[in-house]
Structures are given as structure tokens and as C-alpha cells.
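Participant: Supplied structure: my_file12.tsv, TSV, C-alpha atoms.
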chain	number	residue	atom	x	y	z
A	1	GLY	CA	8.26	16.59	-14.92
A	2	ALA	CA	5.44	15.13	-12.84
A	3	LEU	CA	4.84	18.34	-10.85
A	4	VAL	CA	4.37	20.41	-14.01
A	5	LYS	CA	1.97	17.80	-15.35
A	6	ALA	CA	0.02	17.71	-12.07
A	7	MET	CA	-0.27	21.51	-12.03
A	8	ILE	CA	-1.57	21.55	-15.60
A	9	LEU	CA	-4.18	18.88	-14.85
A	10	GLN	CA	-5.13	20.63	-11.61
A	11	SER	CA	-5.89	23.82	-13.55
A	12	GLY	CA	-8.42	22.11	-15.81
A	13	THR	CA	-12.01	23.40	-15.91
A	14	ALA	CA	-15.11	21.60	-17.13
A	15	ILE	CA	-15.99	21.85	-20.82
A	16	SER	CA	-19.57	21.93	-22.04
A	17	LEU	CA	-20.25	19.03	-24.37
A	18	SER	CA	-23.07	18.27	-26.75
A	19	SER	CA	-25.41	15.44	-25.85
A	20	THR	CA	-23.79	13.21	-28.46
A	21	MET	CA	-20.42	13.52	-26.71
A	22	LEU	CA	-21.55	12.82	-23.14
A	23	THR	CA	-20.28	9.26	-22.98
A	24	PRO	CA	-17.67	8.54	-20.30
A	25	THR	CA	-14.93	6.07	-21.11
A	26	PRO	CA	-15.40	2.57	-19.64
A	27	ASP	CA	-12.47	3.16	-17.28
A	28	PHE	CA	-14.23	5.95	-15.40
A	29	GLN	CA	-17.59	6.47	-13.76
A	30	GLN	CA	-19.67	9.61	-13.17
A	31	TYR	CA	-20.92	10.63	-9.74
A	32	ASP	CA	-22.81	13.64	-8.43
A	33	TYR	CA	-20.16	14.67	-5.92
A	34	VAL	CA	-17.24	14.56	-8.32
A	35	CYS	CA	-17.02	17.70	-10.42
A	36	THR	CA	-14.28	16.66	-12.82
A	37	ILE	CA	-15.60	13.87	-15.01
A	38	VAL	CA	-13.00	12.24	-17.21
A	39	PHE	CA	-14.19	11.85	-20.79
A	40	GLU	CA	-12.23	10.28	-23.60
A	41	SER	CA	-12.61	13.45	-25.69
A	42	ILE	CA	-11.65	16.12	-23.11
A	43	GLY	CA	-9.60	14.45	-20.38
A	44	TYR	CA	-9.43	16.67	-17.29
A	45	GLY	CA	-10.90	19.73	-19.01
A	46	ARG	CA	-9.63	22.99	-20.49
A	47	ILE	CA	-6.28	24.21	-19.16
A	48	GLN	CA	-6.60	27.43	-17.11
A	49	LEU	CA	-3.18	28.08	-15.57
A	50	ASN	CA	-4.44	31.14	-13.71
A	51	ASN	CA	-6.24	28.65	-11.46
A	52	VAL	CA	-2.93	27.44	-10.03
A	53	LEU	CA	-0.31	30.08	-10.85
A	54	PRO	CA	0.11	33.52	-9.19
A	55	THR	CA	-1.09	35.56	-12.16
A	56	ARG	CA	-3.10	38.76	-11.91
A	57	ARG	CA	-6.30	36.73	-11.70
A	58	TYR	CA	-4.96	34.47	-8.93
A	59	ASP	CA	-6.40	35.38	-5.51
A	60	SER	CA	-4.63	33.68	-2.61
A	61	SER	CA	-7.38	34.79	-0.23
A	62	GLN	CA	-9.92	32.76	-2.19
A	63	LEU	CA	-7.78	29.77	-3.17
A	64	GLN	CA	-5.39	27.80	-0.99
A	65	LEU	CA	-2.82	25.78	-2.91
A	66	PHE	CA	-0.44	23.06	-1.72
A	67	VAL	CA	2.10	21.17	-3.84
A	68	ASP	CA	4.47	18.39	-2.85
A	69	GLU	CA	7.01	16.07	-4.44
A	70	ARG	CA	8.04	12.84	-2.73
A	71	THR	CA	9.27	9.32	-3.25
A	72	VAL	CA	7.06	6.44	-2.17
A	73	THR	CA	8.25	2.92	-1.49
A	74	GLU	CA	6.26	-0.01	-2.83
A	75	ALA	CA	3.45	-1.21	-0.56
A	76	TYR	CA	3.68	2.01	1.50
A	77	GLN	CA	1.61	5.17	1.57
A	78	TYR	CA	1.80	8.89	2.31
A	79	ILE	CA	-1.15	10.52	4.05
A	80	TYR	CA	-1.92	14.25	3.96
A	81	LYS	CA	-4.40	15.78	6.39
A	82	VAL	CA	-6.40	18.77	5.18
A	83	THR	CA	-8.65	20.55	7.68
A	84	LEU	CA	-11.43	22.64	6.16
A	85	SER	CA	-13.26	25.31	8.12
A	86	ASP	CA	-16.48	25.45	6.09
A	87	SER	CA	-18.42	23.56	3.45
A	88	SER	CA	-18.85	26.23	0.81
A	89	HIS	CA	-15.84	25.59	-1.44
A	90	PRO	CA	-14.54	22.81	-3.69
A	91	LEU	CA	-11.62	20.54	-2.83
A	92	LYS	CA	-9.46	19.26	-5.67
A	93	ILE	CA	-6.52	16.86	-5.60
A	94	THR	CA	-4.32	15.71	-8.48
A	95	LEU	CA	-1.70	12.94	-8.30
A	96	SER	CA	0.80	12.41	-11.10
A	97	TRP	CA	4.01	10.47	-11.67
A	98	ILE	CA	6.36	9.61	-14.53
A	99	ASP	CA	5.91	5.90	-15.08
A	100	PRO	CA	8.90	3.86	-16.34
A	101	PRO	CA	8.64	2.30	-19.81
A	102	SER	CA	6.64	-0.89	-19.96
A	103	PRO	CA	8.19	-4.06	-21.42
A	104	GLU	CA	7.74	-4.67	-25.11
A	105	PHE	CA	4.41	-6.33	-25.97
A	106	ALA	CA	3.20	-5.91	-22.39
A	107	SER	CA	-0.54	-6.44	-21.95
A	108	LYS	CA	-0.66	-3.56	-19.43
A	109	LEU	CA	1.20	-0.31	-20.09
A	110	LEU	CA	1.21	1.01	-16.52
A	111	VAL	CA	4.22	-0.32	-14.61
A	112	ASN	CA	4.19	1.35	-11.18
A	113	ASP	CA	0.63	1.61	-9.94
A	114	ILE	CA	-0.15	4.29	-7.34
A	115	ASP	CA	-3.63	5.11	-6.03
A	116	LEU	CA	-5.17	8.34	-4.81
A	117	VAL	CA	-7.68	7.77	-2.00
A	118	VAL	CA	-9.52	10.65	-0.34
A	119	THR	CA	-11.57	10.14	2.83
A	120	ASP	CA	-14.06	12.74	4.02
A	121	PRO	CA	-14.75	13.68	7.67
A	122	GLU	CA	-16.44	10.91	9.60
A	123	VAL	CA	-20.13	11.21	10.46
A	124	LEU	CA	-21.12	9.67	13.78
A	125	ILE	CA	-24.40	7.76	13.68
A	126	LEU	CA	-26.08	6.47	16.85
A	127	ILE	CA	-29.04	4.13	16.52
A	128	CYS	CA	-30.50	3.99	20.01
A	129	LEU	CA	-33.05	1.30	19.27
A	130	LEU	CA	-30.41	-1.18	18.22
A	131	TYR	CA	-27.70	0.14	20.54
A	132	ILE	CA	-25.32	0.50	17.66
A	133	LEU	CA	-22.68	3.17	17.28
A	134	PHE	CA	-20.83	3.39	14.00
A	135	TYR	CA	-19.30	5.85	11.60
A	136	ILE	CA	-20.07	6.44	7.96
A	137	GLU	CA	-17.17	7.41	5.76
A	138	GLN	CA	-17.19	8.43	2.14
A	139	GLU	CA	-14.15	7.47	0.13
A	140	TYR	CA	-13.20	8.96	-3.21
A	141	PHE	CA	-10.72	7.17	-5.44
A	142	GLY	CA	-8.69	8.83	-8.15
A	143	ASN	CA	-10.82	9.01	-11.33
A	144	VAL	CA	-13.42	6.77	-9.65
A	145	LYS	CA	-15.58	7.13	-6.55
A	146	ILE	CA	-17.40	4.64	-4.38
A	147	THR	CA	-19.46	5.00	-1.21
A	148	GLY	CA	-18.82	2.64	1.67
A	149	PHE	CA	-19.84	2.17	5.26
A	150	VAL	CA	-17.05	1.50	7.71
A	151	ASN	CA	-18.15	-0.07	10.96
A	152	LYS	CA	-15.86	1.42	13.62
A	153	LEU	CA	-17.57	0.42	16.87
A	154	GLN	CA	-20.52	-1.86	17.43
A	155	PHE	CA	-22.10	-2.71	20.76
A	156	VAL	CA	-24.27	-5.52	19.43
A	157	THR	CA	-24.13	-7.43	16.18
A	158	LEU	CA	-27.54	-6.43	14.87
A	159	CYS	CA	-26.37	-4.39	11.91
A	160	THR	CA	-24.63	-5.61	8.81
A	161	CYS	CA	-22.80	-2.72	7.17
A	162	ARG	CA	-21.80	-2.73	3.52
A	163	SER	CA	-18.11	-3.42	3.06
A	164	HIS	CA	-15.80	-2.12	0.37
A	165	PRO	CA	-15.23	-4.23	-2.75
A	166	PRO	CA	-12.03	-6.28	-2.87
A	167	TYR	CA	-8.81	-4.31	-3.11
A	168	GLY	CA	-8.20	-3.18	-6.64
A	169	SER	CA	-11.73	-3.58	-8.01
A	170	HIS	CA	-12.59	0.10	-7.48
A	171	ARG	CA	-9.23	1.73	-8.25
A	172	ASP	CA	-7.71	3.11	-11.42
A	173	SER	CA	-4.96	0.72	-12.48
A	174	ILE	CA	-4.49	2.09	-16.00
A	175	ASN	CA	-3.37	5.72	-15.75
A	176	ASN	CA	-0.44	7.55	-14.14
A	177	ASN	CA	-2.61	10.60	-13.40
A	178	GLU	CA	-5.42	10.50	-10.86
A	179	GLN	CA	-7.74	13.24	-9.69
A	180	VAL	CA	-10.56	13.79	-7.20
A	181	HIS	CA	-12.67	16.95	-7.33
A	182	ILE	CA	-15.35	17.52	-4.68
A	183	LYS	CA	-17.84	20.27	-5.55
A	184	LEU	CA	-18.62	21.24	-1.96
A	185	ALA	CA	-16.22	19.68	0.51
A	186	LYS	CA	-17.50	19.06	4.04
A	187	ALA	CA	-15.96	20.97	6.91
A	188	GLY	CA	-13.58	18.93	9.01
A	189	ALA	CA	-10.50	16.78	8.56
A	190	TRP	CA	-9.95	15.18	5.16
A	191	PHE	CA	-7.30	12.51	4.67
A	192	ILE	CA	-5.57	12.20	1.30
A	193	ALA	CA	-3.63	8.97	0.84
A	194	VAL	CA	-1.10	8.22	-1.89
A	195	GLN	CA	-0.90	4.44	-1.83
A	196	ALA	CA	1.71	2.44	-3.70
A	197	LYS	CA	1.23	-1.12	-4.82
A	198	MET	CA	4.07	-3.55	-5.51
A	199	PHE	CA	6.49	-2.24	-8.15
A	200	PRO	CA	7.86	-4.91	-10.51
A	201	HIS	CA	11.25	-3.40	-11.42
A	202	SER	CA	12.14	-0.96	-8.61
A	203	SER	CA	11.23	-0.41	-4.99
A	204	GLN	CA	10.49	3.33	-5.21
A	205	GLN	CA	8.62	5.81	-7.39
A	206	ASN	CA	8.66	9.62	-7.41
A	207	PHE	CA	5.29	11.35	-7.44
A	208	SER	CA	3.79	14.84	-7.28
A	209	VAL	CA	0.54	15.90	-5.65
A	210	VAL	CA	-1.37	19.18	-5.92
A	211	ILE	CA	-4.15	20.10	-3.49
A	212	SER	CA	-6.35	23.18	-3.80
A	213	TYR	CA	-9.28	24.42	-1.73
A	214	GLY	CA	-11.44	27.34	-2.76
A	215	GLU	CA	-12.10	29.00	-6.10
Is it possible to give me this structure as C-alpha cells?

Facilitator:
Amino acid sequence: GALVKAMILQSGTAISLSSTMLTPTPDFQQYDYVCTIVFESIGYGRIQLNNVLPTRRYDSSQLQLFVDERTVTEAYQYIYKVTLSDSSHPLKITLSWIDPPSPEFASKLLVNDIDLVVTDPEVLILICLLYILFYIEQEYFGNVKITGFVNKLQFVTLCTCRSHPPYGSHRDSINNNEQVHIKLAKAGAWFIAVQAKMFPHSSQQNFSVVISYGE
């Protein structure tokens, strides 16, 4: 079910497109740090199962793979912590679930909305002149990415940090597959959150997540 689908999407590799085809769908945006760009014509790329299955070409010393299946309750979240030792390899996460059928003539097909949110290691910034100490975090959302500044500690109120857009405005609320692919993941602790919104017809939803580091 969902785990097989997540593994297939996780194995996808980028496809070279002609200039006439390089038009992302309106639901997704392109960013430098995200390797997998979702296009209407190619989806998550060409399937390469040897990227995620122990075939002859699979090298466990070069690629670390983690898979998990769980049930999330509405308005709750699961958080996975991934600690990376260096910054020379890509980090890729795929979230997938089997969504229940939508009501007939529904304006929105997705019923149970779950979000994939990936937070990179915090970077401590100290501005001595203003006596301000704060952290900068980069957050990556499934199929979409946005940069935000999170003010963790402030000695004086001389700095106005950019806040995140309102909840929901920067998240994929259309698809039941979400993916984040970082070309060169920073060393340190990454936090991968699977966040459930309110479910209209049930209180729980099964999901599968696949995480790989290396190449």
C-alpha cells in the first residue's frame, strides 16, 4: 500500500527536460536547495528501484535507508530526528498515505491532509552591536519550501525577524504524497515532522515515511 508507493517515489531520479517542458505546476515551486522538482509531466522523476532496494547496485555503506509505518491521530504529529555527520550527501524524505474516498461532487479531493515538515540544524547568530541572540532555521515543506527566521531568544527588541506565513498558506493541501530532497544536507540534527490536520470522517490515518541519506 502506502509503503510501496513511498518507496517507489523515493527511488525517483531527475529527468532532463527540454526548455519547452520546464514549467512547474502552479501547486509547486522551485528552489535551489530542493533537488526533486515536481513537474506536471514527470512527477517525482524516473523510477530507479536500485536506489532503495538491496539489489547488486545497492551499497549500504554509501546509502542509509529508514522506513516506517505508523498511524497518526488528527491534530497530532510524529517527529523523527536524523543526525548527520557531514554535509557532503543528499537527504531525501518521502511521505505517503492512502487517502479515503472523497464525497461525491466534492470541491477538494484530498480528505485527510497530512504535512511533511523538515527543519535543518539551527544556526546561532550573535549580533553584538544590538545585543541580540537568535537562531535562524530553514524549514522545508513537502513539495514546497520556504525560508523563515525563528526568533528564539532576544535580549532587546531592536530586531524584527520575518515570521512564517499563516498556517496552511505554504503547505501542500492537494496531494497524498509529499517529498523533500536536499542536495547537500547540513551536518547536525534534522527534525522531520509528520503533521496531521483535522480529519473530517475519522480520527486516525495510516501513513508511511521513507528517509534516505547518501547516494

Participant: At a cut-off of 8 Å from (-1.5, 23.3, 4.5) in the coordinates of the file, what residues are picked up using all atoms listed in the file, written as a list of chain:residue names?

Facilitator: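 Counting all atoms listed in the file, I find these residues within 8 Å of (-1.5, 23.3, 4.5): A:Leu65, A:Phe66, A:Val82.
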
Participant: Pick from A:Gln48, A:Gln195, A:Asn176, A:Ser212: nearest to Pro100 (chain A), with all atoms listed in the file counted?

Facilitator: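 Of A:Gln48, A:Gln195, A:Asn176, A:Ser212, the one nearest Pro100 (chain A) is A:Asn176, counting all atoms listed in the file.
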
Participant: Just to confirm, what's the straight-line distance from CA of Leu110 (chain A) to CA of Leu3 (chain A) in Å (one decimal)?

Facilitator: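 Straight-line distance from CA of Leu110 (chain A) to CA of Leu3 (chain A) works out to 18.6 Å.
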